[in-house]
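Undergrad: Provided below: run_0.cif, containing mmCIF, C-alpha atoms and all ligand atoms; chains and numbers go by the auth columns.
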data_input
#
loop_
_atom_site.group_PDB
_atom_site.id
_atom_site.type_symbol
_atom_site.label_atom_id
_atom_site.label_comp_id
_atom_site.label_asym_id
_atom_site.label_seq_id
_atom_site.Cartn_x
_atom_site.Cartn_y
_atom_site.Cartn_z
_atom_site.B_iso_or_equiv
_atom_site.auth_seq_id
_atom_site.auth_asym_id
ATOM 1 C CA MET A 1 0.000 0.000 0.000 0.00 1 A
ATOM 2 C CA ASP A 2 1.718 3.135 -1.149 0.00 2 A
ATOM 3 C CA ARG A 3 -1.131 5.608 -1.205 0.00 3 A
ATOM 4 C CA VAL A 4 -3.035 7.600 1.393 0.00 4 A
ATOM 5 C CA THR A 5 -6.758 7.497 0.728 0.00 5 A
ATOM 6 C CA PHE A 6 -9.518 9.718 2.072 0.00 6 A
ATOM 7 C CA LYS A 7 -12.859 11.169 1.069 0.00 7 A
ATOM 8 C CA VAL A 8 -13.725 14.753 0.269 0.00 8 A
ATOM 9 C CA ASN A 9 -17.421 15.592 0.050 0.00 9 A
ATOM 10 C CA GLY A 10 -18.190 11.907 -0.378 0.00 10 A
ATOM 11 C CA ILE A 11 -15.718 11.259 -3.210 0.00 11 A
ATOM 12 C CA GLU A 12 -12.671 9.084 -2.636 0.00 12 A
ATOM 13 C CA TYR A 13 -9.223 10.473 -3.437 0.00 13 A
ATOM 14 C CA SER A 14 -5.714 9.245 -2.862 0.00 14 A
ATOM 15 C CA VAL A 15 -2.244 10.750 -2.819 0.00 15 A
ATOM 16 C CA GLY A 16 1.121 9.146 -3.178 0.00 16 A
ATOM 17 C CA SER A 17 4.477 9.945 -4.704 0.00 17 A
ATOM 18 C CA GLU A 18 3.032 12.799 -6.772 0.00 18 A
ATOM 19 C CA VAL A 19 2.867 15.089 -3.712 0.00 19 A
ATOM 20 C CA ASN A 20 5.669 16.633 -1.674 0.00 20 A
ATOM 21 C CA THR A 21 6.016 16.253 2.070 0.00 21 A
ATOM 22 C CA ASP A 22 4.823 19.807 2.716 0.00 22 A
ATOM 23 C CA VAL A 23 1.506 19.751 0.827 0.00 23 A
ATOM 24 C CA THR A 24 -1.241 20.679 3.267 0.00 24 A
ATOM 25 C CA LEU A 25 -4.844 19.596 3.103 0.00 25 A
ATOM 26 C CA LEU A 26 -5.710 23.239 2.393 0.00 26 A
ATOM 27 C CA GLU A 27 -3.402 23.378 -0.593 0.00 27 A
ATOM 28 C CA TYR A 28 -4.651 20.048 -1.873 0.00 28 A
ATOM 29 C CA LEU A 29 -8.296 21.119 -1.615 0.00 29 A
ATOM 30 C CA ARG A 30 -7.776 24.454 -3.333 0.00 30 A
ATOM 31 C CA ARG A 31 -5.100 23.666 -5.925 0.00 31 A
ATOM 32 C CA ARG A 32 -5.589 19.990 -6.763 0.00 32 A
ATOM 33 C CA LEU A 33 -9.307 19.506 -6.230 0.00 33 A
ATOM 34 C CA ARG A 34 -10.219 23.052 -7.268 0.00 34 A
ATOM 35 C CA LEU A 35 -12.389 23.594 -4.212 0.00 35 A
ATOM 36 C CA PRO A 36 -11.637 27.256 -3.474 0.00 36 A
ATOM 37 C CA GLY A 37 -14.468 27.700 -0.971 0.00 37 A
ATOM 38 C CA THR A 38 -11.980 26.896 1.782 0.00 38 A
ATOM 39 C CA LYS A 39 -10.086 30.137 2.360 0.00 39 A
ATOM 40 C CA TYR A 40 -6.803 30.932 4.066 0.00 40 A
ATOM 41 C CA LYS A 41 -4.987 33.869 5.545 0.00 41 A
ATOM 42 C CA CYS A 42 -2.695 33.228 8.487 0.00 42 A
ATOM 43 C CA LEU A 43 -1.575 29.691 7.593 0.00 43 A
ATOM 44 C CA GLU A 44 -0.814 29.141 11.263 0.00 44 A
ATOM 45 C CA ALA A 45 -4.138 28.088 12.845 0.00 45 A
ATOM 46 C CA GLY A 46 -4.998 31.591 13.947 0.00 46 A
ATOM 47 C CA CYS A 47 -7.806 32.833 11.705 0.00 47 A
ATOM 48 C CA GLY A 48 -10.137 29.895 11.076 0.00 48 A
ATOM 49 C CA ALA A 49 -10.661 30.730 7.392 0.00 49 A
ATOM 50 C CA CYS A 50 -9.459 27.278 6.362 0.00 50 A
ATOM 51 C CA ILE A 51 -11.691 25.175 8.619 0.00 51 A
ATOM 52 C CA VAL A 52 -13.217 21.995 7.223 0.00 52 A
ATOM 53 C CA THR A 53 -15.098 19.206 8.966 0.00 53 A
ATOM 54 C CA ALA A 54 -13.353 15.874 9.305 0.00 54 A
ATOM 55 C CA VAL A 55 -14.263 12.465 10.653 0.00 55 A
ATOM 56 C CA ARG A 56 -10.857 11.070 11.424 0.00 56 A
ATOM 57 C CA GLY A 57 -11.735 7.492 12.156 0.00 57 A
ATOM 58 C CA GLN A 58 -14.472 5.124 13.187 0.00 58 A
ATOM 59 C CA ASP A 59 -16.183 6.112 16.433 0.00 59 A
ATOM 60 C CA THR A 60 -14.644 9.576 16.158 0.00 60 A
ATOM 61 C CA PRO A 61 -17.149 12.427 16.055 0.00 61 A
ATOM 62 C CA PRO A 62 -16.872 15.041 13.304 0.00 62 A
ATOM 63 C CA THR A 63 -14.585 17.863 14.328 0.00 63 A
ATOM 64 C CA ALA A 64 -13.467 21.198 12.914 0.00 64 A
ATOM 65 C CA VAL A 65 -9.984 20.991 11.459 0.00 65 A
ATOM 66 C CA ASN A 66 -7.701 23.822 10.388 0.00 66 A
ATOM 67 C CA SER A 67 -6.755 22.493 6.977 0.00 67 A
ATOM 68 C CA CYS A 68 -3.708 24.772 6.788 0.00 68 A
ATOM 69 C CA MET A 69 -2.116 22.803 9.620 0.00 69 A
ATOM 70 C CA VAL A 70 -2.708 19.292 8.307 0.00 70 A
ATOM 71 C CA LEU A 71 -0.502 17.554 5.767 0.00 71 A
ATOM 72 C CA VAL A 72 -2.582 15.821 3.136 0.00 72 A
ATOM 73 C CA THR A 73 -0.514 12.709 3.752 0.00 73 A
ATOM 74 C CA SER A 74 -1.896 12.687 7.326 0.00 74 A
ATOM 75 C CA CYS A 75 -5.443 12.195 6.124 0.00 75 A
ATOM 76 C CA GLN A 76 -5.486 8.418 5.783 0.00 76 A
ATOM 77 C CA GLY A 77 -9.068 7.226 6.216 0.00 77 A
ATOM 78 C CA TRP A 78 -10.483 10.692 6.854 0.00 78 A
ATOM 79 C CA ASP A 79 -13.934 11.718 5.670 0.00 79 A
ATOM 80 C CA ILE A 80 -13.652 15.431 4.938 0.00 80 A
ATOM 81 C CA THR A 81 -16.403 17.927 4.208 0.00 81 A
ATOM 82 C CA THR A 82 -15.655 21.349 2.759 0.00 82 A
ATOM 83 C CA VAL A 83 -18.032 24.280 2.524 0.00 83 A
ATOM 84 C CA GLU A 84 -18.924 23.163 -1.005 0.00 84 A
ATOM 85 C CA GLY A 85 -20.146 19.903 0.477 0.00 85 A
ATOM 86 C CA THR A 86 -22.587 21.530 2.910 0.00 86 A
ATOM 87 C CA GLY A 87 -24.604 23.565 0.432 0.00 87 A
ATOM 88 C CA GLY A 88 -24.408 26.088 -2.360 0.00 88 A
ATOM 89 C CA ARG A 89 -26.207 28.067 -5.012 0.00 89 A
ATOM 90 C CA LEU A 90 -27.112 25.076 -7.161 0.00 90 A
ATOM 91 C CA ALA A 91 -27.750 22.439 -4.516 0.00 91 A
ATOM 92 C CA GLY A 92 -29.385 24.878 -2.091 0.00 92 A
ATOM 93 C CA TYR A 93 -27.827 26.470 0.946 0.00 93 A
ATOM 94 C CA SER A 94 -27.569 24.701 4.279 0.00 94 A
ATOM 95 C CA LYS A 95 -29.383 25.771 7.434 0.00 95 A
ATOM 96 C CA VAL A 96 -26.137 27.172 8.826 0.00 96 A
ATOM 97 C CA GLN A 97 -25.519 29.210 5.679 0.00 97 A
ATOM 98 C CA THR A 98 -29.052 30.599 5.454 0.00 98 A
ATOM 99 C CA THR A 99 -29.166 31.412 9.164 0.00 99 A
ATOM 100 C CA LEU A 100 -25.915 33.318 8.891 0.00 100 A
ATOM 101 C CA ALA A 101 -27.178 35.240 5.861 0.00 101 A
ATOM 102 C CA GLU A 102 -30.537 36.027 7.483 0.00 102 A
ATOM 103 C CA HIS A 103 -28.744 37.564 10.452 0.00 103 A
ATOM 104 C CA ASN A 104 -26.436 39.628 8.201 0.00 104 A
ATOM 105 C CA GLY A 105 -23.503 37.662 9.550 0.00 105 A
ATOM 106 C CA THR A 106 -21.415 38.100 6.431 0.00 106 A
ATOM 107 C CA GLN A 107 -20.033 41.191 4.734 0.00 107 A
ATOM 108 C CA CYS A 108 -16.987 40.722 2.501 0.00 108 A
ATOM 109 C CA GLY A 109 -17.538 36.986 2.976 0.00 109 A
ATOM 110 C CA TYR A 110 -13.903 35.985 3.206 0.00 110 A
ATOM 111 C CA CYS A 111 -14.186 34.536 6.683 0.00 111 A
ATOM 112 C CA THR A 112 -17.649 33.079 6.125 0.00 112 A
ATOM 113 C CA PRO A 113 -16.740 29.547 4.956 0.00 113 A
ATOM 114 C CA GLY A 114 -14.603 29.121 8.057 0.00 114 A
ATOM 115 C CA TRP A 115 -17.422 30.182 10.377 0.00 115 A
ATOM 116 C CA VAL A 116 -19.916 28.023 8.504 0.00 116 A
ATOM 117 C CA MET A 117 -17.685 24.972 8.720 0.00 117 A
ATOM 118 C CA ALA A 118 -16.890 25.541 12.393 0.00 118 A
ATOM 119 C CA MET A 119 -20.621 25.696 13.162 0.00 119 A
ATOM 120 C CA HIS A 120 -21.324 22.786 10.848 0.00 120 A
ATOM 121 C CA SER A 121 -18.714 20.737 12.728 0.00 121 A
ATOM 122 C CA LEU A 122 -20.295 21.583 16.073 0.00 122 A
ATOM 123 C CA LEU A 123 -23.721 20.529 14.867 0.00 123 A
ATOM 124 C CA GLN A 124 -22.375 17.343 13.307 0.00 124 A
ATOM 125 C CA SER A 125 -20.630 16.452 16.561 0.00 125 A
ATOM 126 C CA GLY A 126 -24.064 15.902 18.074 0.00 126 A
ATOM 127 C CA LYS A 127 -23.297 17.891 21.225 0.00 127 A
ATOM 128 C CA LYS A 128 -26.145 19.860 22.778 0.00 128 A
ATOM 129 C CA LEU A 129 -24.552 23.233 23.288 0.00 129 A
ATOM 130 C CA THR A 130 -25.702 26.314 25.148 0.00 130 A
ATOM 131 C CA MET A 131 -25.378 29.799 23.701 0.00 131 A
ATOM 132 C CA LEU A 132 -22.349 30.473 25.864 0.00 132 A
ATOM 133 C CA GLU A 133 -20.677 27.229 24.807 0.00 133 A
ATOM 134 C CA ILE A 134 -21.285 28.064 21.147 0.00 134 A
ATOM 135 C CA GLU A 135 -19.793 31.500 21.622 0.00 135 A
ATOM 136 C CA GLN A 136 -16.774 30.030 23.364 0.00 136 A
ATOM 137 C CA SER A 137 -16.273 27.540 20.538 0.00 137 A
ATOM 138 C CA PHE A 138 -15.322 30.290 18.117 0.00 138 A
ATOM 139 C CA GLY A 139 -12.176 31.552 19.761 0.00 139 A
ATOM 140 C CA SER A 140 -10.109 30.813 16.672 0.00 140 A
ATOM 141 C CA ASN A 141 -12.330 32.349 13.991 0.00 141 A
ATOM 142 C CA ILE A 142 -11.524 35.896 12.943 0.00 142 A
ATOM 143 C CA CYS A 143 -13.785 38.313 11.067 0.00 143 A
ATOM 144 C CA ARG A 144 -12.488 41.757 10.192 0.00 144 A
ATOM 145 C CA CYS A 145 -15.851 43.125 8.972 0.00 145 A
ATOM 146 C CA THR A 146 -18.905 42.250 10.998 0.00 146 A
ATOM 147 C CA GLY A 147 -17.834 42.940 14.544 0.00 147 A
ATOM 148 C CA TYR A 148 -18.850 39.334 15.359 0.00 148 A
ATOM 149 C CA ARG A 149 -22.194 40.152 16.898 0.00 149 A
ATOM 150 C CA THR A 150 -24.338 39.201 13.914 0.00 150 A
ATOM 151 C CA ILE A 151 -22.412 35.950 13.471 0.00 151 A
ATOM 152 C CA LEU A 152 -22.809 34.984 17.095 0.00 152 A
ATOM 153 C CA GLU A 153 -26.475 35.983 17.122 0.00 153 A
ATOM 154 C CA ALA A 154 -27.008 33.735 14.108 0.00 154 A
ATOM 155 C CA PHE A 155 -25.198 30.747 15.529 0.00 155 A
ATOM 156 C CA LYS A 156 -26.701 31.056 18.993 0.00 156 A
ATOM 157 C CA THR A 157 -30.055 30.191 17.423 0.00 157 A
ATOM 158 C CA PHE A 158 -28.710 26.619 17.247 0.00 158 A
ATOM 159 C CA ALA A 159 -28.233 26.483 21.023 0.00 159 A
ATOM 160 C CA VAL A 160 -30.418 24.422 23.331 0.00 160 A
ATOM 161 C CA ASP A 161 -31.172 27.540 25.389 0.00 161 A
ATOM 162 C CA ALA A 162 -31.731 29.887 22.430 0.00 162 A
ATOM 163 C CA PRO A 163 -34.511 32.406 23.034 0.00 163 A
ATOM 164 C CA ALA A 164 -37.734 31.878 21.094 0.00 164 A
ATOM 165 C CA SER A 165 -37.406 35.248 19.404 0.00 165 A
ATOM 166 C CA LYS A 166 -34.938 35.292 16.532 0.00 166 A
ATOM 167 C CA ARG A 167 -34.906 39.075 16.545 0.00 167 A
ATOM 168 C CA ILE A 168 -31.518 40.680 17.044 0.00 168 A
ATOM 169 C CA MET A 169 -31.863 42.929 20.055 0.00 169 A
ATOM 170 C CA ASP A 170 -30.982 46.592 19.930 0.00 170 A
ATOM 171 C CA ILE A 171 -27.563 47.111 21.433 0.00 171 A
ATOM 172 C CA GLU A 172 -29.172 49.438 24.004 0.00 172 A
ATOM 173 C CA ASP A 173 -31.261 46.520 25.274 0.00 173 A
ATOM 174 C CA LEU A 174 -28.233 44.394 25.999 0.00 174 A
ATOM 175 C CA HIS A 175 -25.859 44.206 28.880 0.00 175 A
ATOM 176 C CA ILE A 176 -22.346 42.921 28.490 0.00 176 A
ATOM 177 C CA CYS A 177 -21.657 40.500 31.287 0.00 177 A
ATOM 178 C CA LYS A 178 -17.936 40.378 31.915 0.00 178 A
ATOM 179 C CA ARG A 179 -17.451 38.682 35.196 0.00 179 A
ATOM 180 C CA LYS A 180 -18.705 36.216 37.688 0.00 180 A
ATOM 181 C CA GLY A 181 -21.618 37.494 39.691 0.00 181 A
ATOM 182 C CA ASP A 182 -22.497 40.334 37.351 0.00 182 A
ATOM 183 C CA GLY A 183 -26.069 39.282 36.817 0.00 183 A
ATOM 184 C CA CYS A 184 -26.022 36.411 34.351 0.00 184 A
ATOM 185 C CA LYS A 185 -26.469 33.201 36.310 0.00 185 A
ATOM 186 C CA LYS A 186 -27.039 30.889 33.373 0.00 186 A
ATOM 187 C CA THR A 187 -23.801 29.016 33.693 0.00 187 A
ATOM 188 C CA ASN A 188 -20.468 29.092 35.399 0.00 188 A
ATOM 189 C CA CYS A 189 -18.251 31.776 33.991 0.00 189 A
ATOM 190 C CA ASP A 190 -14.683 32.667 34.706 0.00 190 A
ATOM 191 C CA ASP A 191 -12.960 35.997 34.404 0.00 191 A
ATOM 192 C CA TYR A 192 -12.213 35.451 30.730 0.00 192 A
ATOM 193 C CA ASP A 193 -15.855 34.973 29.796 0.00 193 A
ATOM 194 C CA TRP A 194 -18.079 37.631 28.404 0.00 194 A
ATOM 195 C CA CYS A 195 -21.387 37.507 26.680 0.00 195 A
ATOM 196 C CA MET A 196 -24.322 39.699 25.830 0.00 196 A
ATOM 197 C CA VAL A 197 -27.485 39.134 27.817 0.00 197 A
ATOM 198 C CA LEU A 198 -30.787 40.934 27.978 0.00 198 A
ATOM 199 C CA LYS A 199 -30.894 43.754 30.487 0.00 199 A
ATOM 200 C CA GLU A 200 -33.875 42.243 32.248 0.00 200 A
ATOM 201 C CA GLU A 201 -31.817 39.107 32.900 0.00 201 A
ATOM 202 C CA VAL A 202 -29.286 41.095 34.828 0.00 202 A
ATOM 203 C CA ASN A 203 -29.528 41.868 38.510 0.00 203 A
ATOM 204 C CA LYS A 204 -29.258 45.583 38.267 0.00 204 A
ATOM 205 C CA ALA A 205 -26.270 46.909 40.129 0.00 205 A
ATOM 206 C CA SER A 206 -26.607 50.083 42.167 0.00 206 A
ATOM 207 C CA THR A 207 -24.736 53.270 41.376 0.00 207 A
ATOM 208 C CA VAL A 208 -21.130 53.336 42.519 0.00 208 A
ATOM 209 C CA HIS A 209 -20.005 56.583 44.171 0.00 209 A
ATOM 210 C CA ILE A 210 -16.394 57.159 45.166 0.00 210 A
ATOM 211 C CA LYS A 211 -14.807 60.262 46.647 0.00 211 A
ATOM 212 C CA LEU A 212 -11.466 60.347 44.845 0.00 212 A
ATOM 213 C CA GLU A 213 -8.160 61.572 46.263 0.00 213 A
ATOM 214 C CA ASP A 214 -8.383 64.885 44.382 0.00 214 A
ATOM 215 C CA GLY A 215 -11.708 65.614 46.093 0.00 215 A
ATOM 216 C CA ARG A 216 -13.817 64.863 43.046 0.00 216 A
ATOM 217 C CA ASP A 217 -16.769 62.493 42.928 0.00 217 A
ATOM 218 C CA TRP A 218 -16.695 59.477 40.610 0.00 218 A
ATOM 219 C CA TYR A 219 -19.972 57.814 39.705 0.00 219 A
ATOM 220 C CA ARG A 220 -20.455 54.559 37.848 0.00 220 A
ATOM 221 C CA VAL A 221 -24.078 54.521 36.607 0.00 221 A
ATOM 222 C CA TYR A 222 -26.152 51.872 34.884 0.00 222 A
ATOM 223 C CA ASP A 223 -28.840 53.860 33.103 0.00 223 A
ATOM 224 C CA LEU A 224 -29.592 57.353 31.910 0.00 224 A
ATOM 225 C CA ASN A 225 -32.003 58.176 34.713 0.00 225 A
ATOM 226 C CA GLU A 226 -29.203 57.786 37.226 0.00 226 A
ATOM 227 C CA VAL A 227 -27.199 60.394 35.299 0.00 227 A
ATOM 228 C CA PHE A 228 -30.027 62.895 35.560 0.00 228 A
ATOM 229 C CA ASN A 229 -30.567 62.135 39.241 0.00 229 A
ATOM 230 C CA ILE A 230 -26.897 62.866 39.932 0.00 230 A
ATOM 231 C CA LEU A 231 -26.994 66.066 37.876 0.00 231 A
ATOM 232 C CA VAL A 232 -30.016 67.255 39.824 0.00 232 A
ATOM 233 C CA SER A 233 -28.396 66.401 43.157 0.00 233 A
ATOM 234 C CA LYS A 234 -25.109 68.130 42.283 0.00 234 A
ATOM 235 C CA GLY A 235 -26.720 71.380 41.138 0.00 235 A
ATOM 236 C CA GLN A 236 -24.350 73.731 39.326 0.00 236 A
ATOM 237 C CA ASP A 237 -21.101 71.794 39.869 0.00 237 A
ATOM 238 C CA SER A 238 -19.038 71.158 36.768 0.00 238 A
ATOM 239 C CA TYR A 239 -18.912 67.572 35.598 0.00 239 A
ATOM 240 C CA MET A 240 -17.378 65.366 32.962 0.00 240 A
ATOM 241 C CA LEU A 241 -19.169 62.519 31.184 0.00 241 A
ATOM 242 C CA VAL A 242 -16.766 59.641 30.610 0.00 242 A
ATOM 243 C CA ALA A 243 -17.691 56.934 28.122 0.00 243 A
ATOM 244 C CA GLY A 244 -14.988 55.467 25.906 0.00 244 A
ATOM 245 C CA ASN A 245 -12.556 58.063 27.293 0.00 245 A
ATOM 246 C CA THR A 246 -11.161 58.684 23.801 0.00 246 A
ATOM 247 C CA ALA A 247 -12.224 62.313 24.168 0.00 247 A
ATOM 248 C CA LYS A 248 -13.238 64.371 27.175 0.00 248 A
ATOM 249 C CA VAL A 249 -15.959 66.953 27.506 0.00 249 A
ATOM 250 C CA GLU A 250 -15.998 69.001 30.664 0.00 250 A
ATOM 251 C CA ILE A 251 -19.166 70.996 31.267 0.00 251 A
HETATM 252 S S1 LIG B . -5.324 29.913 7.289 0.00 1 B
HETATM 253 FE FE1 LIG B . -5.662 28.214 8.567 0.00 1 B
HETATM 254 S S2 LIG B . -6.213 29.096 10.466 0.00 1 B
HETATM 255 FE FE2 LIG B . -5.715 30.803 9.226 0.00 1 B
HETATM 256 S S1 LIG B . -17.202 39.182 6.605 0.00 2 B
HETATM 257 FE FE1 LIG B . -15.343 40.085 5.962 0.00 2 B
HETATM 258 S S2 LIG B . -13.847 39.130 7.194 0.00 2 B
HETATM 259 FE FE2 LIG B . -15.718 38.410 7.994 0.00 2 B
#
How does this structure look as structure tokens?
TA:
Amino acid sequence: MDRVTFKVNGIEYSVGSEVNTDVTLLEYLRRRLRLPGTKYKCLEAGCGACIVTAVRGQDTPPTAVNSCMVLVTSCQGWDITTVEGTGGRLAGYSKVQTTLAEHNGTQCGYCTPGWVMAMHSLLQSGKKLTMLEIEQSFGSNICRCTGYRTILEAFKTFAVDAPASKRIMDIEDLHICKRKGDGCKKTNCDDYDWCMVLKEEVNKASTVHIKLEDGRDWYRVYDLNEVFNILVSKGQDSYMLVAGNTAKVEI
């Protein structure tokens, strides 16, 4: 036996002495099989553009694989699915693809196959994932256009605890939970977790008021009414509103 055999989108292929030692699965898919749906950028497992789904052996669940990191000669017995194999214009788009499009989760589209295949892999794995677990599964996918929110909103609809409403909430209606104990009690979080939750799901924190060393008052507020209450209580004192702190306005 002097060939490595594997399947791509259900078709069997093999490689042998016609390939060099450094030919990656990514290169093989794009250059030899002419399947350019799988994209690449970093070529070092950092961006996720090259993700495909692979079943790497019997009794092994489908997993997302960074095809830029895998030599094609390592794929003996693998069953590989690329984005072309999940759906397309002629065959009809998959649920993952249509959900992403319906949520405006793609702009230039370069990263999209990687996100689609990462989500496809999760669904194929058969795990029942929560919204937080889905969000945390995408640590290695990069998108330079969308700001991620629309992608995550789309993919969270596949979660077991997804809200009934598919509507993307206004950003003003959301609270960003960054740390343990800050309202969201859905699951255990650690200090590296963050996620967006509805304001009504958050135990509203009370205004923080500190008398700073320079004699000034520092307030941390949670809604606009608190701002007005403070302004009324402070009368004519000058104040500064601090948001992103990229510019300062003293009044
Ligand atoms: S090209 Fe493979 S992870 Fe970026
Ligand atoms: S849509 Fe352009 S990089 Fe993600």
Undergrad: Using the chain letters and numbering of this document, enumerate as a list in words the residues selected by the PyMOL selection byres (((chain A and resi 207) around 8) and not hetatm).
TA: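 Output of the PyMOL selection byres (((chain A and resi 207) around 8) and not hetatm): Ala205, Ser206, Val208, His209, Tyr219, Arg220, Val221, Tyr222 and Glu226 of chain A.
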Undergrad: What residues of the protein or nucleic acid chains come within 12 Å of ligand LIG 2 (chain B) when you use only C-alpha atoms and all ligand atoms? Reply as a ChimeraX atom specification.
TA: /A:39-41,47-49,100-101,104-116,141-151
Undergrad: Produce a file of the selected residues containing C-alpha atoms, as a tab-separated table (two decimals), in the frame of the given file.
TA:
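Just written: selection10.tsv:
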chain	number	residue	atom	x	y	z
A	39	LYS	CA	-10.09	30.14	2.36
A	40	TYR	CA	-6.80	30.93	4.07
A	41	LYS	CA	-4.99	33.87	5.54
A	47	CYS	CA	-7.81	32.83	11.70
A	48	GLY	CA	-10.14	29.90	11.08
A	49	ALA	CA	-10.66	30.73	7.39
A	100	LEU	CA	-25.92	33.32	8.89
A	101	ALA	CA	-27.18	35.24	5.86
A	104	ASN	CA	-26.44	39.63	8.20
A	105	GLY	CA	-23.50	37.66	9.55
A	106	THR	CA	-21.42	38.10	6.43
A	107	GLN	CA	-20.03	41.19	4.73
A	108	CYS	CA	-16.99	40.72	2.50
A	109	GLY	CA	-17.54	36.99	2.98
A	110	TYR	CA	-13.90	35.98	3.21
A	111	CYS	CA	-14.19	34.54	6.68
A	112	THR	CA	-17.65	33.08	6.12
A	113	PRO	CA	-16.74	29.55	4.96
A	114	GLY	CA	-14.60	29.12	8.06
A	115	TRP	CA	-17.42	30.18	10.38
A	116	VAL	CA	-19.92	28.02	8.50
A	141	ASN	CA	-12.33	32.35	13.99
A	142	ILE	CA	-11.52	35.90	12.94
A	143	CYS	CA	-13.78	38.31	11.07
A	144	ARG	CA	-12.49	41.76	10.19
A	145	CYS	CA	-15.85	43.12	8.97
A	146	THR	CA	-18.90	42.25	11.00
A	147	GLY	CA	-17.83	42.94	14.54
A	148	TYR	CA	-18.85	39.33	15.36
A	149	ARG	CA	-22.19	40.15	16.90
A	150	THR	CA	-24.34	39.20	13.91
A	151	ILE	CA	-22.41	35.95	13.47
Undergrad: Which residues fall under the PyMOL selection byres (((chain A and resi 96-98) around 9) and not hetatm) in this file, as a compact mmCIF listing (two decimals) with C-alpha atoms, in the frame of the given file?
TA:
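Once everything was written out, this is expr.txt:
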# COMPACT_ATOMS: atom_id res chain seq x y z
CA THR A 86 -22.59 21.53 2.91
CA GLY A 87 -24.60 23.56 0.43
CA GLY A 88 -24.41 26.09 -2.36
CA TYR A 93 -27.83 26.47 0.95
CA SER A 94 -27.57 24.70 4.28
CA LYS A 95 -29.38 25.77 7.43
CA THR A 99 -29.17 31.41 9.16
CA LEU A 100 -25.92 33.32 8.89
CA ALA A 101 -27.18 35.24 5.86
CA GLU A 102 -30.54 36.03 7.48
CA HIS A 103 -28.74 37.56 10.45
CA THR A 112 -17.65 33.08 6.12
CA PRO A 113 -16.74 29.55 4.96
CA VAL A 116 -19.92 28.02 8.50
CA MET A 117 -17.68 24.97 8.72
CA MET A 119 -20.62 25.70 13.16
CA HIS A 120 -21.32 22.79 10.85
CA ALA A 154 -27.01 33.74 14.11
CA PHE A 155 -25.20 30.75 15.53
CA PHE A 158 -28.71 26.62 17.25
Undergrad: Provide an axis-aligned box for all listed atoms of range 69-81 of chain A, padding each side by 6 Å; report its centre and its edge lengths in Å to one decimal, as JSON.
TA:
{"center_x": -8.5, "center_y": 15.0, "center_z": 6.4, "size_x": 27.9, "size_y": 27.6, "size_z": 18.5}
Undergrad: Could you jot down the CA of Thr38 in chain A to CA of Gly85 in chain A separation for me, Å, one decimal place?
TA: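 Separation of CA of Thr38 in chain A and CA of Gly85 in chain A: 10.8 Å.
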Undergrad: Starting from the shown file, work through the PyMOL selection byres (((chain A and resi 216) around 12) and not hetatm) and note down what comes out as a list in words.
TA: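 Going through the file, the PyMOL selection byres (((chain A and resi 216) around 12) and not hetatm) ends up selecting His209, Ile210, Lys211, Leu212, Glu213, Asp214, Gly215, Asp217, Trp218, Tyr219, Lys234, Asp237, Ser238, Tyr239 and Met240 of chain A.
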Undergrad: Deliver the residues from the most recent selection as a file, using C-alpha atoms, as a short mmCIF file (atom, residue, chain, number, x, y, z; two decimals), keeping the file's coordinate frame.
TA:
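File written: again30.cif
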data_model
loop_
_atom_site.label_atom_id
_atom_site.label_comp_id
_atom_site.auth_asym_id
_atom_site.auth_seq_id
_atom_site.Cartn_x
_atom_site.Cartn_y
_atom_site.Cartn_z
CA HIS A 209 -20.00 56.58 44.17
CA ILE A 210 -16.39 57.16 45.17
CA LYS A 211 -14.81 60.26 46.65
CA LEU A 212 -11.47 60.35 44.84
CA GLU A 213 -8.16 61.57 46.26
CA ASP A 214 -8.38 64.89 44.38
CA GLY A 215 -11.71 65.61 46.09
CA ASP A 217 -16.77 62.49 42.93
CA TRP A 218 -16.70 59.48 40.61
CA TYR A 219 -19.97 57.81 39.70
CA LYS A 234 -25.11 68.13 42.28
CA ASP A 237 -21.10 71.79 39.87
CA SER A 238 -19.04 71.16 36.77
CA TYR A 239 -18.91 67.57 35.60
CA MET A 240 -17.38 65.37 32.96
#
Undergrad: Which polymer residues have any atom within 7 Å of an atom of range 63-71 of chain A, counting only C-alpha atoms, with same-chain residues fewer than 2 positions away left out, as a list in words?
TA: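 Contacts, with the query itself left out: Asp22, Val23, Thr24, Leu25, Leu26, Leu43, Glu44, Ala45, Gly48, Cys50, Ile51, Val52, Thr53, Ala54, Val55, Pro61, Thr73, Ser74, Ala118, Ser121 and Ser125 of chain A.
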Undergrad: What does the structure give for the distance between CA of Cys75 in chain A and CA of Arg56 in chain A, in Å to one decimal?
TA: 7.7 Å
Undergrad: Could you check the closest approach to Asn20 in chain A for each of A:Thr157, A:Leu132, A:Val72, A:Gly92 and tell me which residue wins, using only C-alpha atoms?
TA: A:Val72
Undergrad: Could you work out how far CA of Thr81 in chain A lies from CA of Glu153 in chain A, giving the answer in Å with one decimal?
TA: 24.4 Å
Undergrad: Check the smallest atom-to-atom distance from each of A:Ser140, A:Gln236, A:Thr130, A:Asn225 to ligand LIG 1 (chain B) using all atoms listed in the file, then report the winner.
TA: A:Ser140
Undergrad: For Gly77 in chain A, find every residue with an atom within 9 Å (counting only C-alpha atoms), except residues of its own chain fewer than 4 positions away, and show them as a list of chain:residue names.
TA: A:Val4, A:Thr5, A:Phe6, A:Lys7, A:Val55, A:Arg56, A:Gly57
Undergrad: Taking only C-alpha atoms into account, which of A:Arg34, A:Gln76, A:Pro62, A:Cys42 comes nearest Val15 in chain A?
TA: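 Answer, going by the shortest atom-to-atom distance: A:Gln76.
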Undergrad: Between A:Glu27, A:Asp2, A:Glu18, A:Glu12, which one has atoms that come closest to ligand LIG 1 (chain B), using all atoms listed in the file?
TA: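 The shortest atom-to-atom distance to ligand LIG 1 (chain B) comes from A:Glu27.
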